[in-house]
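Single-structure report; data block below.
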Amino acid sequence: MRKHLLFTGVAAIAALSLFSCKKDQQVAPQSSIGSTTEAGGRLAGTDELDAILKDLSPDTYLLAFDGLPANAYITKARYGGLSDETQYYGPGGRPPFPELAKIGYERIPFRKIWIKTCPTMIPVFDIASRAAALAKKADPKQFADLAVYEIGKGQQLLATKTFLAAGARLTPDVIDQKVIGKASLSKFRLSVPAGQLPYFTRGFYGTADITQVAGAGARLTVYNGLKWEDILRKRFPNLIGCFDPEIMKDIRANFVRLDARFEKLNFEEVAGGVVVGF
């Protein structure tokens with residue numbers, strides 16, 4: 001059984017990792033409390049974007065908005081339960097960022113690119129198009145060039161052309177070169193928040209899938225039945241990652257050589273892997 005190992009880094013950094021989600025459209029059952037409505041027939045506490053998304057199961061989409069001006073259309077920062085760590089191919093099935101693709105990143109989690117603006121994913125084109133039009137009404141300046149890109153079955157990416165163009169210029173950084181090196185990307189994952197740690201130029205490294213439930217037999221039974229991302233959140237809510245135990249030894253040593261603060265990393269065994277952090 002393949003092992004996964006988890007690496008985490010510096011205080012005051014919250015992040016998590018999640019991979020490869022390919023879901024077809026699902027229809028959510030209508031709420032039985034629909035009798036509580038506001039003007040216009042919407043459920044109390046909902047807005048126009050909720051009305052557009054109402055027939056989708058929340059775990060099939062994610063729309064996240066940063067710094068929207070006050071408006072009557074989109075009133076929340078986040079809609080849907082799909083993780084912002086979900087990885088996808090780029091528009092047309094091509095690797096979205098060519099320089100990263102050269103070192104093995106054929107798929108990426110769009111929300112972990114530290115460039116505005118990419119609300120992300122909706123499974124149905126018509127609904128995605130309506131959501132995009134509403135976003136332009138809510139913030140015409142930020143979303144002037146927002147478009148919908150079909151990047152796979154049931155995968156409609158909402159992103160600005162500016163985001164995709166800037167992202168395409170991303171290149172490997174010191175973490176790729178001096179810490180990760182030749183390590184297999186499929187056997188680990190790092191995730192960090194924007195602007196809180198030196199060396200990191202994006203929020204993801206590695207491509208391992210930690211959306212799956214960890215294997216049985218964790219030393220601490222509190223972890224049994226949890227997804228890897230949930231274990232990470234529970235144990236180390238700071239910089240986190242996922243590594244094969246053997247790869248971890250080399251990568252941890254490389255981190256320490258890069259910055260002595262990583263010397264304080266500690267880890268504990270979890271089912272089939274190791275959780276690492278401060």
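For the structure tokens, the naming scheme is as follows: chains receive sequential letters (A, B, ...) according to their order of presentation, residues are indexed from 1 within each chain, and ligands are indexed from 1 in presentation order.
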Env of Tyr79 of chain A: 9 Å cut, atoms = only C-alpha atoms, seq-sep filter 4 positions within chain, self excluded. Answer as a PyMOL selection string. chain A and resi 49-50+53+58+61-65
Store the residues picked out above in a file with N, CA and C atoms, as a CSV table (one decimal), in the first residue's frame.
```
chain,number,residue,atom,x,y,z
A,49,LEU,N,-27.2,34.8,-6.4
A,49,LEU,CA,-26.3,33.7,-6.8
A,49,LEU,C,-26.8,32.4,-6.2
A,50,ASP,N,-27.3,32.4,-5.0
A,50,ASP,CA,-27.9,31.2,-4.4
A,50,ASP,C,-29.0,30.7,-5.3
A,53,LEU,N,-27.7,28.8,-8.2
A,53,LEU,CA,-27.0,27.6,-7.9
A,53,LEU,C,-27.9,26.5,-7.2
A,58,PRO,N,-24.1,21.1,-3.4
A,58,PRO,CA,-23.0,22.0,-3.0
A,58,PRO,C,-21.6,21.4,-3.1
A,61,TYR,N,-19.5,22.2,-6.6
A,61,TYR,CA,-19.0,23.5,-7.1
A,61,TYR,C,-18.4,24.3,-6.0
A,62,LEU,N,-17.6,25.3,-6.5
A,62,LEU,CA,-17.0,26.3,-5.6
A,62,LEU,C,-17.0,27.6,-6.3
A,63,LEU,N,-17.5,28.6,-5.6
A,63,LEU,CA,-17.3,30.0,-6.1
A,63,LEU,C,-16.8,30.8,-4.9
A,64,ALA,N,-15.7,31.4,-5.0
A,64,ALA,CA,-15.1,32.2,-3.9
A,64,ALA,C,-14.8,33.6,-4.4
A,65,PHE,N,-15.1,34.6,-3.6
A,65,PHE,CA,-14.9,35.9,-4.0
A,65,PHE,C,-14.1,36.7,-3.0
```
DSSP on the backbone, then: every residue of segment 73-258 of chain A marked alpha helix (DSSP H), written as a ChimeraX atom specification. /A:98-101,125-138,161-167,174,228-235,245-258
Produce a file of the selected residues containing C-alpha atoms, as an mmCIF file, in the first residue's frame.
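Below is the file that was written, again-v9.cif:
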```cif
data_model
loop_
_atom_site.group_PDB
_atom_site.id
_atom_site.type_symbol
_atom_site.label_atom_id
_atom_site.label_comp_id
_atom_site.auth_asym_id
_atom_site.auth_seq_id
_atom_site.Cartn_x
_atom_site.Cartn_y
_atom_site.Cartn_z
ATOM 1 C CA PRO A 98 3.602 25.697 -19.352
ATOM 2 C CA GLU A 99 6.732 26.258 -17.264
ATOM 3 C CA LEU A 100 5.245 24.340 -14.345
ATOM 4 C CA ALA A 101 4.027 21.663 -16.748
ATOM 5 C CA PHE A 125 -22.162 25.361 -18.447
ATOM 6 C CA ASP A 126 -25.493 27.199 -18.406
ATOM 7 C CA ILE A 127 -25.340 27.737 -14.652
ATOM 8 C CA ALA A 128 -21.677 28.751 -14.859
ATOM 9 C CA SER A 129 -22.496 31.295 -17.561
ATOM 10 C CA ARG A 130 -25.299 32.815 -15.483
ATOM 11 C CA ALA A 131 -23.029 32.974 -12.435
ATOM 12 C CA ALA A 132 -20.329 34.690 -14.490
ATOM 13 C CA ALA A 133 -22.805 37.280 -15.769
ATOM 14 C CA LEU A 134 -23.940 37.976 -12.215
ATOM 15 C CA ALA A 135 -20.336 38.379 -11.030
ATOM 16 C CA LYS A 136 -19.802 41.029 -13.708
ATOM 17 C CA LYS A 137 -22.834 42.900 -12.422
ATOM 18 C CA ALA A 138 -21.535 42.680 -8.856
ATOM 19 C CA LYS A 161 -8.277 36.042 -18.907
ATOM 20 C CA THR A 162 -5.931 38.197 -16.866
ATOM 21 C CA PHE A 163 -5.581 35.395 -14.314
ATOM 22 C CA LEU A 164 -4.778 32.776 -16.933
ATOM 23 C CA ALA A 165 -2.285 35.014 -18.731
ATOM 24 C CA ALA A 166 -0.449 35.920 -15.524
ATOM 25 C CA GLY A 167 -0.507 32.326 -14.319
ATOM 26 C CA VAL A 174 13.540 27.860 -4.978
ATOM 27 C CA TRP A 228 -6.010 13.212 4.771
ATOM 28 C CA GLU A 229 -6.967 16.873 4.508
ATOM 29 C CA ASP A 230 -9.055 16.582 7.675
ATOM 30 C CA ILE A 231 -6.199 14.953 9.556
ATOM 31 C CA LEU A 232 -3.942 17.786 8.503
ATOM 32 C CA ARG A 233 -6.398 20.387 9.731
ATOM 33 C CA LYS A 234 -6.893 18.608 13.021
ATOM 34 C CA ARG A 235 -3.237 17.986 13.835
ATOM 35 C CA PRO A 245 7.898 8.550 4.440
ATOM 36 C CA GLU A 246 11.108 7.934 2.512
ATOM 37 C CA ILE A 247 10.740 11.089 0.433
ATOM 38 C CA MET A 248 10.054 13.032 3.616
ATOM 39 C CA LYS A 249 13.519 12.407 4.971
ATOM 40 C CA ASP A 250 15.156 14.053 1.986
ATOM 41 C CA ILE A 251 12.692 16.928 1.653
ATOM 42 C CA ARG A 252 12.789 17.756 5.350
ATOM 43 C CA ALA A 253 16.575 17.835 5.223
ATOM 44 C CA ASN A 254 16.412 20.131 2.208
ATOM 45 C CA PHE A 255 14.033 22.483 4.006
ATOM 46 C CA VAL A 256 16.386 22.662 6.971
ATOM 47 C CA ARG A 257 19.286 23.481 4.680
ATOM 48 C CA LEU A 258 17.209 26.211 3.096
#
```
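Every protein or nucleic acid residue with an atom no more than 9 Å from Asp139 of chain A, counting only C-alpha atoms and leaving out same-chain residues fewer than 6 positions away, appears here: A:Leu68, A:Pro69, A:Asn71.
Between atom CA of Gly154 of chain A and atom CA of Lys54 of chain A there is a distance of 16.6 Å.
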For Gln177 of chain A, which residue among A:Gly195, A:Phe262, A:Tyr205, A:Ile113 is the nearest when counting only C-alpha atoms? A:Tyr205
Output as JSON, numbers by chain all residues of segment 32-211 of chain A that backbone DSSP marks as strand (DSSP E or B). {"A": [37, 43, 56, 62, 63, 64, 78, 79, 88, 108, 120, 121, 122, 146, 147, 148, 149, 150, 151, 152, 155, 156, 157, 158, 159, 160, 188, 189, 190, 191, 204, 205]}
Here is a test: counting only C-alpha atoms, which residue of A:Thr201, A:Gln87, A:Thr120, A:Gln212 is nearest to Arg107 of chain A? A:Gln87
